[in-house]
$ cat my_file_35.tsv   # TSV, C-alpha atoms and all ligand atoms
chain	number	residue	atom	x	y	z
A	1	MET	CA	89.55	11.10	5.71
A	2	ALA	CA	88.67	13.93	7.96
A	3	ILE	CA	85.14	12.59	8.31
A	4	GLU	CA	86.35	9.12	9.35
A	5	GLN	CA	88.59	10.61	11.97
A	6	GLU	CA	85.68	12.51	13.40
A	7	GLN	CA	83.32	9.50	13.38
A	8	LYS	CA	85.60	6.98	15.01
A	9	PRO	CA	85.89	8.68	18.36
A	10	ALA	CA	82.16	9.32	18.20
A	11	SER	CA	81.35	5.63	17.76
A	12	ASN	CA	83.85	4.71	20.46
A	13	ALA	CA	82.08	7.17	22.67
A	14	ARG	CA	78.78	5.50	21.85
A	15	ALA	CA	80.15	2.01	22.49
A	16	ASP	CA	81.48	3.19	25.81
A	17	PHE	CA	78.13	4.77	26.61
A	18	TYR	CA	76.23	1.56	25.70
A	19	HIS	CA	78.58	-0.39	27.92
A	20	ARG	CA	77.99	1.90	30.88
A	21	ILE	CA	74.18	1.99	30.56
A	22	ASP	CA	74.07	-1.78	30.00
A	23	LYS	CA	74.89	-2.34	33.69
A	24	HIS	CA	71.68	-0.52	34.52
A	25	ASP	CA	69.59	-2.66	32.15
A	26	LEU	CA	69.27	0.18	29.71
A	27	ALA	CA	69.68	0.01	25.95
A	28	PRO	CA	69.62	2.59	23.13
A	29	LEU	CA	66.42	2.43	21.10
A	30	TRP	CA	68.02	4.01	18.05
A	31	GLU	CA	70.12	0.88	17.48
A	32	VAL	CA	67.03	-1.37	17.17
A	33	LEU	CA	64.23	0.94	16.08
A	34	GLY	CA	64.33	-0.15	12.44
A	35	ALA	CA	63.92	-3.81	13.39
A	36	LEU	CA	61.14	-3.09	15.89
A	37	VAL	CA	58.91	-0.94	13.75
A	38	VAL	CA	59.01	-2.47	10.29
A	39	PRO	CA	57.12	-0.95	7.37
A	40	THR	CA	55.31	-4.22	6.58
A	41	PRO	CA	54.99	-7.45	8.60
A	42	ARG	CA	58.19	-9.47	8.76
A	43	THR	CA	57.15	-12.76	10.31
A	44	PRO	CA	59.66	-15.34	11.50
A	45	CYS	CA	57.20	-18.06	10.33
A	46	VAL	CA	57.66	-19.78	7.01
A	47	PRO	CA	55.11	-21.45	4.74
A	48	ALA	CA	54.88	-25.21	5.33
A	49	ILE	CA	52.71	-28.21	4.54
A	50	TRP	CA	52.05	-31.51	6.33
A	51	HIS	CA	50.85	-34.20	3.93
A	52	TYR	CA	48.59	-36.47	5.94
A	53	ASP	CA	49.59	-39.58	4.00
A	54	GLU	CA	53.21	-39.02	5.06
A	55	ILE	CA	52.53	-38.55	8.76
A	56	ARG	CA	49.43	-40.67	9.44
A	57	ASP	CA	51.50	-43.73	10.35
A	58	TYR	CA	53.41	-41.73	12.99
A	59	VAL	CA	50.16	-40.51	14.52
A	60	LEU	CA	48.90	-44.10	14.77
A	61	GLU	CA	52.29	-45.35	16.01
A	62	SER	CA	52.09	-42.90	18.92
A	63	GLY	CA	49.10	-44.95	20.00
A	64	SER	CA	51.32	-47.97	20.68
A	65	LEU	CA	53.85	-45.96	22.69
A	66	ILE	CA	51.64	-44.15	25.19
A	67	THR	CA	48.00	-44.23	26.22
A	68	ALA	CA	45.77	-41.18	25.97
A	69	LYS	CA	45.42	-41.33	29.76
A	70	GLU	CA	49.16	-41.28	30.42
A	71	ALA	CA	49.86	-38.64	27.79
A	72	ILE	CA	46.84	-36.58	29.00
A	73	ARG	CA	46.67	-35.46	25.38
A	74	ARG	CA	48.40	-37.71	22.84
A	75	VAL	CA	49.26	-35.20	20.16
A	76	LEU	CA	51.97	-34.73	17.56
A	77	VAL	CA	52.58	-30.99	17.42
A	78	MET	CA	52.88	-29.44	13.97
A	79	GLU	CA	55.75	-27.03	14.44
A	80	ASN	CA	56.51	-24.27	12.03
A	81	PRO	CA	59.89	-25.28	10.54
A	82	ALA	CA	61.35	-21.87	11.40
A	83	LEU	CA	60.11	-22.03	15.01
A	84	ARG	CA	61.05	-25.54	16.07
A	85	GLY	CA	60.86	-26.23	19.78
A	86	GLN	CA	58.33	-23.49	20.42
A	87	SER	CA	55.16	-25.56	19.93
A	88	CYS	CA	53.67	-23.18	17.42
A	89	ILE	CA	52.57	-23.22	13.81
A	90	THR	CA	52.36	-19.41	13.61
A	91	ASN	CA	53.55	-16.78	16.07
A	92	THR	CA	50.21	-16.80	17.86
A	93	LEU	CA	48.75	-20.26	17.22
A	94	TYR	CA	49.41	-23.90	17.94
A	95	ALA	CA	48.31	-26.91	15.88
A	96	GLY	CA	48.65	-30.65	16.43
A	97	LEU	CA	47.16	-34.00	15.47
A	98	GLN	CA	45.48	-35.84	18.34
A	99	LEU	CA	44.74	-39.57	18.38
A	100	ILE	CA	42.03	-41.27	20.46
A	101	LEU	CA	41.84	-45.05	20.15
A	102	PRO	CA	38.69	-47.11	20.75
A	103	GLY	CA	38.00	-47.46	24.46
A	104	GLU	CA	40.34	-44.66	25.51
A	105	VAL	CA	39.59	-41.57	27.57
A	106	ALA	CA	41.65	-38.37	27.54
A	107	PRO	CA	41.10	-37.17	31.12
A	108	SER	CA	39.15	-34.06	32.00
A	109	HIS	CA	40.89	-30.77	32.58
A	110	ARG	CA	40.40	-27.10	31.90
A	111	HIS	CA	42.63	-24.19	31.00
A	112	THR	CA	42.47	-20.60	29.87
A	113	GLN	CA	43.65	-21.55	26.38
A	114	SER	CA	40.81	-21.98	23.89
A	115	ALA	CA	40.84	-25.03	21.64
A	116	LEU	CA	39.23	-25.97	18.37
A	117	ARG	CA	39.04	-29.47	16.95
A	118	PHE	CA	38.79	-30.18	13.27
A	119	VAL	CA	38.04	-33.85	12.69
A	120	ILE	CA	40.38	-35.54	10.19
A	121	GLU	CA	39.41	-39.21	10.36
A	122	GLY	CA	37.28	-41.62	12.36
A	123	GLN	CA	33.66	-41.56	13.30
A	124	GLY	CA	31.84	-41.71	16.58
A	125	ALA	CA	34.35	-40.52	19.18
A	126	TYR	CA	33.10	-37.77	21.46
A	127	THR	CA	34.26	-34.77	23.35
A	128	ALA	CA	32.48	-33.60	26.47
A	129	VAL	CA	32.29	-29.89	27.18
A	130	ASP	CA	30.55	-28.42	30.22
A	131	GLY	CA	28.45	-31.49	30.92
A	132	GLU	CA	27.44	-32.32	27.34
A	133	ARG	CA	28.91	-34.78	24.89
A	134	THR	CA	29.05	-34.33	21.15
A	135	ILE	CA	29.77	-37.21	18.79
A	136	MET	CA	32.23	-36.19	16.09
A	137	SER	CA	32.52	-36.89	12.35
A	138	PRO	CA	35.10	-35.88	9.75
A	139	GLY	CA	34.96	-32.18	8.84
A	140	ASP	CA	33.17	-31.18	12.06
A	141	PHE	CA	34.45	-28.01	13.73
A	142	VAL	CA	34.24	-28.42	17.50
A	143	ILE	CA	34.93	-25.79	20.17
A	144	THR	CA	36.38	-26.13	23.65
A	145	PRO	CA	35.90	-22.71	25.26
A	146	GLN	CA	38.54	-21.37	27.63
A	147	TRP	CA	38.11	-22.59	31.21
A	148	ALA	CA	35.55	-25.25	30.22
A	149	TRP	CA	36.06	-28.76	31.58
A	150	HIS	CA	36.72	-31.11	28.68
A	151	ASP	CA	37.52	-34.77	28.20
A	152	HIS	CA	37.46	-36.93	25.11
A	153	GLY	CA	36.48	-40.58	24.64
A	154	ASN	CA	36.05	-43.08	21.88
A	155	ASP	CA	33.25	-45.64	22.16
A	156	SER	CA	33.55	-46.49	18.46
A	157	THR	CA	35.57	-49.28	16.90
A	158	GLU	CA	37.97	-47.08	14.93
A	159	PRO	CA	40.73	-44.63	15.83
A	160	MET	CA	39.86	-40.97	15.61
A	161	VAL	CA	42.31	-38.25	14.62
A	162	TRP	CA	41.55	-34.56	14.75
A	163	LEU	CA	43.52	-31.40	14.36
A	164	ASP	CA	43.75	-29.31	17.52
A	165	GLY	CA	44.09	-25.57	17.10
A	166	LEU	CA	44.87	-23.62	20.25
A	167	ASP	CA	45.86	-20.06	21.13
A	168	ILE	CA	48.74	-21.35	23.28
A	169	PRO	CA	51.46	-18.95	22.02
A	170	LEU	CA	49.12	-15.99	22.40
A	171	ILE	CA	48.18	-16.88	25.97
A	172	ARG	CA	51.86	-17.55	26.75
A	173	PHE	CA	52.73	-14.10	25.42
A	174	LEU	CA	50.06	-12.55	27.64
A	175	ASP	CA	51.17	-14.61	30.68
A	176	ALA	CA	47.56	-15.58	31.26
A	177	SER	CA	47.69	-19.36	31.59
A	178	PHE	CA	45.73	-21.15	34.32
A	179	ALA	CA	44.97	-24.86	34.30
A	180	GLU	CA	43.32	-27.49	36.51
A	181	GLU	CA	42.78	-31.23	36.40
A	182	LEU	CA	39.50	-32.83	37.38
A	183	GLU	CA	39.76	-35.52	40.08
A	184	THR	CA	37.87	-37.99	37.93
A	185	ASP	CA	38.84	-38.88	34.34
A	186	GLU	CA	35.45	-37.97	33.01
A	187	GLN	CA	33.22	-35.08	33.96
A	188	ALA	CA	29.62	-35.69	34.97
A	189	ILE	CA	27.20	-35.50	32.08
A	190	SER	CA	24.31	-33.18	32.93
A	191	ARG	CA	22.72	-32.54	29.52
A	192	PRO	CA	21.84	-34.97	26.70
A	193	SER	CA	23.81	-34.89	23.45
A	194	GLY	CA	22.14	-32.44	21.10
A	195	ASP	CA	21.10	-30.05	23.86
A	196	SER	CA	23.20	-27.09	22.79
A	197	PRO	CA	22.36	-27.31	19.05
A	198	ALA	CA	18.67	-27.51	20.03
A	199	ARG	CA	18.88	-24.41	22.20
A	200	TYR	CA	21.20	-22.29	20.10
A	201	GLY	CA	21.59	-23.83	16.66
A	202	GLN	CA	18.08	-23.62	15.19
A	203	GLY	CA	17.82	-19.90	14.51
A	204	MET	CA	16.16	-19.43	17.89
A	205	LEU	CA	17.27	-18.72	21.44
A	206	PRO	CA	15.64	-19.44	24.80
A	207	VAL	CA	13.45	-16.39	25.36
A	208	ASP	CA	15.31	-15.14	28.40
A	209	HIS	CA	18.79	-15.80	27.04
A	210	GLU	CA	21.10	-13.00	28.12
A	211	ARG	CA	23.03	-11.33	25.38
A	212	GLY	CA	26.06	-13.37	24.64
A	213	GLY	CA	29.40	-14.23	26.05
A	214	VAL	CA	32.64	-14.25	24.09
A	215	VAL	CA	32.32	-17.84	22.90
A	216	SER	CA	29.61	-19.56	20.90
A	217	PRO	CA	27.19	-21.73	22.92
A	218	ILE	CA	27.18	-24.15	19.97
A	219	PHE	CA	30.22	-26.34	20.32
A	220	ASN	CA	29.90	-28.57	17.28
A	221	TYR	CA	29.38	-27.17	13.77
A	222	PRO	CA	28.80	-30.42	11.82
A	223	TYR	CA	30.37	-30.74	8.39
A	224	ALA	CA	27.19	-32.08	6.79
A	225	ARG	CA	25.41	-28.78	7.44
A	226	THR	CA	28.37	-26.62	6.45
A	227	ARG	CA	28.84	-28.52	3.21
A	228	GLU	CA	25.16	-28.32	2.34
A	229	ALA	CA	25.15	-24.57	2.94
A	230	LEU	CA	28.07	-24.07	0.56
A	231	GLU	CA	26.47	-26.31	-2.06
A	232	THR	CA	23.18	-24.40	-1.90
A	233	MET	CA	24.86	-20.98	-2.06
A	234	ARG	CA	26.99	-21.81	-5.08
A	235	ARG	CA	23.84	-21.90	-7.20
A	236	THR	CA	23.41	-18.15	-6.88
A	237	ASP	CA	26.64	-16.65	-5.55
A	238	GLU	CA	29.40	-15.40	-7.77
A	239	TRP	CA	32.81	-16.84	-6.98
A	240	ASP	CA	35.02	-14.43	-5.07
A	241	PRO	CA	38.18	-14.01	-7.19
A	242	CYS	CA	40.46	-14.85	-4.23
A	243	HIS	CA	38.40	-17.16	-2.01
A	244	GLY	CA	35.71	-18.83	-4.11
A	245	LEU	CA	32.81	-19.05	-1.68
A	246	LYS	CA	34.00	-18.47	1.86
A	247	MET	CA	31.98	-18.50	5.07
A	248	LYS	CA	32.99	-17.68	8.63
A	249	TYR	CA	31.76	-19.65	11.63
A	250	VAL	CA	29.87	-17.39	14.03
A	251	ASN	CA	28.43	-17.25	17.50
A	252	PRO	CA	24.65	-17.22	16.79
A	253	VAL	CA	24.00	-15.03	19.84
A	254	THR	CA	26.34	-12.17	18.93
A	255	GLY	CA	27.13	-12.63	15.24
A	256	ASP	CA	30.81	-12.38	16.14
A	257	TYR	CA	33.30	-15.14	15.37
A	258	ALA	CA	32.57	-18.39	17.18
A	259	MET	CA	35.64	-18.04	19.42
A	260	PRO	CA	37.27	-14.98	21.01
A	261	THR	CA	40.86	-15.69	19.99
A	262	MET	CA	40.55	-17.74	16.80
A	263	SER	CA	38.54	-17.09	13.66
A	264	THR	CA	37.42	-20.12	11.66
A	265	PHE	CA	36.32	-20.41	8.06
A	266	MET	CA	35.20	-22.90	5.42
A	267	GLN	CA	35.49	-22.23	1.71
A	268	LEU	CA	34.40	-23.94	-1.48
A	269	MET	CA	36.29	-23.46	-4.73
A	270	PRO	CA	35.10	-25.16	-7.93
A	271	LYS	CA	37.22	-27.46	-10.05
A	272	GLY	CA	39.48	-25.40	-12.30
A	273	PHE	CA	39.35	-22.34	-9.99
A	274	GLU	CA	42.41	-20.15	-10.37
A	275	GLY	CA	42.38	-17.70	-7.51
A	276	ALA	CA	43.86	-14.21	-7.53
A	277	ASP	CA	46.69	-13.24	-5.19
A	278	TYR	CA	45.66	-12.23	-1.69
A	279	ARG	CA	47.35	-11.40	1.56
A	280	SER	CA	46.27	-10.50	5.08
A	281	THR	CA	47.97	-9.85	8.39
A	282	ASP	CA	46.62	-13.01	10.01
A	283	GLY	CA	48.79	-16.06	9.47
A	284	MET	CA	46.36	-18.73	8.30
A	285	ILE	CA	46.28	-22.49	8.88
A	286	TYR	CA	44.39	-24.42	6.19
A	287	VAL	CA	43.13	-28.00	6.26
A	288	CYS	CA	41.93	-29.55	3.00
A	289	VAL	CA	38.67	-31.48	3.36
A	290	GLU	CA	37.86	-32.29	-0.27
A	291	GLY	CA	39.49	-31.91	-3.67
A	292	ARG	CA	43.04	-31.48	-4.82
A	293	GLY	CA	44.95	-28.41	-5.82
A	294	ARG	CA	47.83	-26.20	-4.91
A	295	THR	CA	48.47	-22.91	-3.22
A	296	VAL	CA	51.23	-20.64	-4.44
A	297	ILE	CA	52.65	-18.97	-1.32
A	298	GLY	CA	55.26	-16.33	-2.13
A	299	ASP	CA	57.25	-17.91	-4.93
A	300	LYS	CA	56.67	-21.59	-4.04
A	301	SER	CA	53.80	-23.92	-4.85
A	302	TYR	CA	52.36	-26.32	-2.24
A	303	SER	CA	50.20	-29.18	-3.55
A	304	TRP	CA	47.44	-30.40	-1.28
A	305	GLY	CA	44.75	-33.05	-1.07
A	306	PRO	CA	42.28	-34.24	1.55
A	307	ARG	CA	43.52	-34.09	5.19
A	308	ASP	CA	46.65	-32.10	4.38
A	309	THR	CA	47.44	-29.08	6.59
A	310	PHE	CA	49.36	-26.04	5.39
A	311	VAL	CA	50.26	-22.65	6.80
A	312	VAL	CA	50.36	-19.27	5.10
A	313	PRO	CA	52.29	-16.82	7.30
A	314	SER	CA	51.19	-13.23	7.88
A	315	TRP	CA	51.24	-10.98	4.82
A	316	TYR	CA	52.49	-13.69	2.44
A	317	LYS	CA	50.96	-13.29	-0.99
A	318	HIS	CA	49.10	-16.48	-1.93
A	319	ARG	CA	46.61	-17.87	-4.43
A	320	HIS	CA	44.69	-21.15	-4.61
A	321	ILE	CA	44.44	-23.30	-7.73
A	322	VAL	CA	41.98	-26.22	-7.80
A	323	GLU	CA	43.03	-29.13	-9.96
A	324	ASP	CA	40.84	-32.10	-9.13
A	325	GLY	CA	37.21	-32.05	-8.00
A	326	ASP	CA	35.64	-29.15	-6.13
A	327	ALA	CA	37.87	-28.13	-3.24
A	328	VAL	CA	36.76	-27.47	0.31
A	329	LEU	CA	39.24	-25.86	2.71
A	330	PHE	CA	38.81	-25.26	6.44
A	331	SER	CA	40.99	-22.52	7.89
A	332	PHE	CA	41.68	-20.67	11.13
A	333	SER	CA	43.72	-17.71	12.27
A	334	ASP	CA	43.99	-14.96	14.90
A	335	ARG	CA	41.96	-12.56	12.72
A	336	THR	CA	39.34	-11.87	15.41
A	337	VAL	CA	42.05	-10.68	17.81
A	338	GLN	CA	43.61	-8.42	15.22
A	339	GLN	CA	40.23	-6.98	14.23
A	340	LYS	CA	39.31	-6.22	17.84
A	341	LEU	CA	42.57	-4.31	18.17
A	342	GLY	CA	42.00	-2.46	14.91
A	343	LEU	CA	45.10	-4.04	13.37
A	344	TRP	CA	43.82	-6.41	10.72
A	345	ARG	CA	44.63	-5.60	7.10
A	346	GLU	CA	44.05	-7.43	3.87
A	347	GLU	CA	45.05	-6.79	0.29
A	348	ARG	CA	43.55	-8.26	-2.85
A	349	LEU	CA	45.92	-8.27	-5.75
A	350	VAL	CA	43.25	-8.76	-8.38
A	351	SER	CA	44.27	-7.57	-11.83
A	401	LIG	C1	44.58	-29.70	25.22
A	401	LIG	O1	43.89	-29.51	26.34
A	401	LIG	C2	44.06	-30.49	24.22
A	401	LIG	O2	42.03	-30.86	25.33
A	401	LIG	C3	44.79	-30.69	23.06
A	401	LIG	O3	42.43	-32.04	23.62
A	401	LIG	C4	46.00	-30.10	22.87
A	401	LIG	C5	47.77	-28.72	23.71
A	401	LIG	C6	48.31	-27.96	24.68
A	401	LIG	C7	47.62	-27.74	25.85
A	401	LIG	C8	46.39	-28.29	26.05
A	401	LIG	C9	42.75	-31.18	24.41
A	401	LIG	C10	46.53	-29.30	23.87
A	401	LIG	C11	45.84	-29.09	25.05
$ encode --input "my_file_35.tsv" --output "structure tokens"
Amino acid sequence: MAIEQEQKPASNARADFYHRIDKHDLAPLWEVLGALVVPTPRTPCVPAIWHYDEIRDYVLESGSLITAKEAIRRVLVMENPALRGQSCITNTLYAGLQLILPGEVAPSHRHTQSALRFVIEGQGAYTAVDGERTIMSPGDFVITPQWAWHDHGNDSTEPMVWLDGLDIPLIRFLDASFAEELETDEQAISRPSGDSPARYGQGMLPVDHERGGVVSPIFNYPYARTREALETMRRTDEWDPCHGLKMKYVNPVTGDYAMPTMSTFMQLMPKGFEGADYRSTDGMIYVCVEGRGRTVIGDKSYSWGPRDTFVVPSWYKHRHIVEDGDAVLFSFSDRTVQQKLGLWREERLVS
């Protein structure tokens, strides 16, 4: 009793104090400290999956409602279910499905956000980056560096859909967005297709090439080559208990990740693979390219097949199980940012 009587006036005194300092835009740290500095990551994101078969019709239907030119970018944004309205799939990253129909052009612009494209379906559409076009095929990983002019077009006879990954929430957080539109829909083409892979993608560099910038000079990493590399390596490599056989995409000039704000990966897991639990501080977006299986994220299982996209939030325990065929998963995250800041952590829960 005595204690209560002593505490009540004290808390009234605190409430009164909070009220008075509030007018000066001041607040007591001790009331929020526990929520600010948590012992392990407590992300607002939740695990989620987008089954391509369930949403493909909507992506195509968007093509009858608005042109790529009018929309500038005709994209259905994949929003994390716990962060609706914020245009993000994790706290730091954005993902969406973009449609380009035959004959269309998505007009040229540039911005300080970096973009990656991961081709889901279609064959033969192109993106132009800094005066060079690259023709895209399913499974290709294509880069649009920050502040590079880019427009997309489709001279083929079929629709193309790709997944866009951008660092939009991160750049928004940093208040570092700049953007410009080009006066013409399409930028001038100054180099033939294949120029950048010839210069930078053959294990050589032009002799006077200055030591690298923050983004890879190769802007298309074709699936055919990635897949062949994984297939060759599986003959001698042991399967990693968590990841199978996992490669990171790199800038050939620096050896660093291909992009400064997003890390990208491709992994092969054989049929019947039962991965061990793993977690890391980078929330990860996965796209299935081949095979069928499921990923247990926390205490729920998410079944996936080709062209499905799913998200594993930061520090969620997860393991992959391959059920049908060999599985190939593309993935991306903000790992490179976290590593540069000395923040990235991972934990393998291998028994
Ligand atoms: C953008 O420029 C593209 O160039 C796609 O294809 C999606 C989302 C937000 C802001 C810019 C593109 C985008 C975007």
$ residues_around --input "my_file_35.tsv" --residues "Tyr316 (chain A)" --least-positions-apart "5" --cutoff "9 Å" --atoms "all atoms listed in the file" --output "ChimeraX atom specification"
/A:47,278-281,283,297-298
$ residues_near_ligand --input "my_file_35.tsv" --ligand "ligand LIG 401 (chain A)" --cutoff "8 Å" --atoms "all atoms listed in the file" --output "VMD selection string"
chain A and resid 73 to 75 94 96 98 106 108 to 111 113 115 117 144 150 to 152 164 to 166 168
$ closest_residue --input "my_file_35.tsv" --among "A:Ala15, A:Leu65, A:Val32, A:Val105" --to "Gly153 (chain A)" --atoms "only C-alpha atoms"
A:Val105
$ closest_residue --input "my_file_35.tsv" --among "A:Pro206, A:Gly139, A:Gly244, A:Pro145" --to "Met262 (chain A)" --atoms "only C-alpha atoms"
A:Pro145
$ closest_residue --input "my_file_35.tsv" --among "A:Val250, A:Met160, A:Ile321, A:Leu33" --to "Gly122 (chain A)" --atoms "all atoms listed in the file"
A:Met160
$ residues_near_point --input "my_file_35.tsv" --point "(27.0, -33.8, 13.5)" --cutoff "10 Å" --atoms "all atoms listed in the file" --output "list in words"
Gly124, Thr134, Ile135, Met136, Ser137, Pro138, Gly139, Asp140, Phe141, Val142, Gly194, Pro197, Asn220, Tyr221, Pro222, Tyr223, Ala224 and Arg225 of chain A
$ axis_aligned_box --input "my_file_35.tsv" --around "region 49-59 of chain A" --padding-each-side "5 Å" --output "AutoDock Vina command-line options"
--center_x 51.0 --center_y -36.0 --center_z 9.2 --size_x 14.8 --size_y 25.5 --size_z 20.6
$ closest_residue --input "my_file_35.tsv" --among "A:Ser216, A:Thr232, A:Ser331, A:Thr295" --to "Gln267 (chain A)" --atoms "only C-alpha atoms"
A:Ser331
$ closest_residue --input "my_file_35.tsv" --among "A:Val38, A:Ile285, A:Ile49, A:Gln123" --to "Thr157 (chain A)" --atoms "only C-alpha atoms"
A:Gln123
$ atom_distance --input "my_file_35.tsv" --atom1 "CA of Ser314 (chain A)" --atom2 "CA of Pro270 (chain A)"
25.5 Å
$ atom_distance --input "my_file_35.tsv" --atom1 "CA of Gly212 (chain A)" --atom2 "CA of Thr254 (chain A)"
5.8 Å
$ residues_near_point --input "my_file_35.tsv" --point "(50.3, -17.7, 14.7)" --cutoff "8 Å" --atoms "all atoms listed in the file" --output "ChimeraX atom specification"
/A:88-94,169-170,282-284,313,333-334
$ closest_residue --input "my_file_35.tsv" --among "A:Ala276, A:Val37, A:Met247, A:Ala48" --to "Thr264 (chain A)" --atoms "all atoms listed in the file"
A:Met247
$ atom_distance --input "my_file_35.tsv" --atom1 "CA of Ser177 (chain A)" --atom2 "CA of Ala148 (chain A)"
13.6 Å
$ residues_around --input "my_file_35.tsv" --residues "Lys248 (chain A)" --least-positions-apart "4" --cutoff "8 Å" --atoms "all atoms listed in the file" --output "PyMOL selection string"
chain A and resi 257+263-266
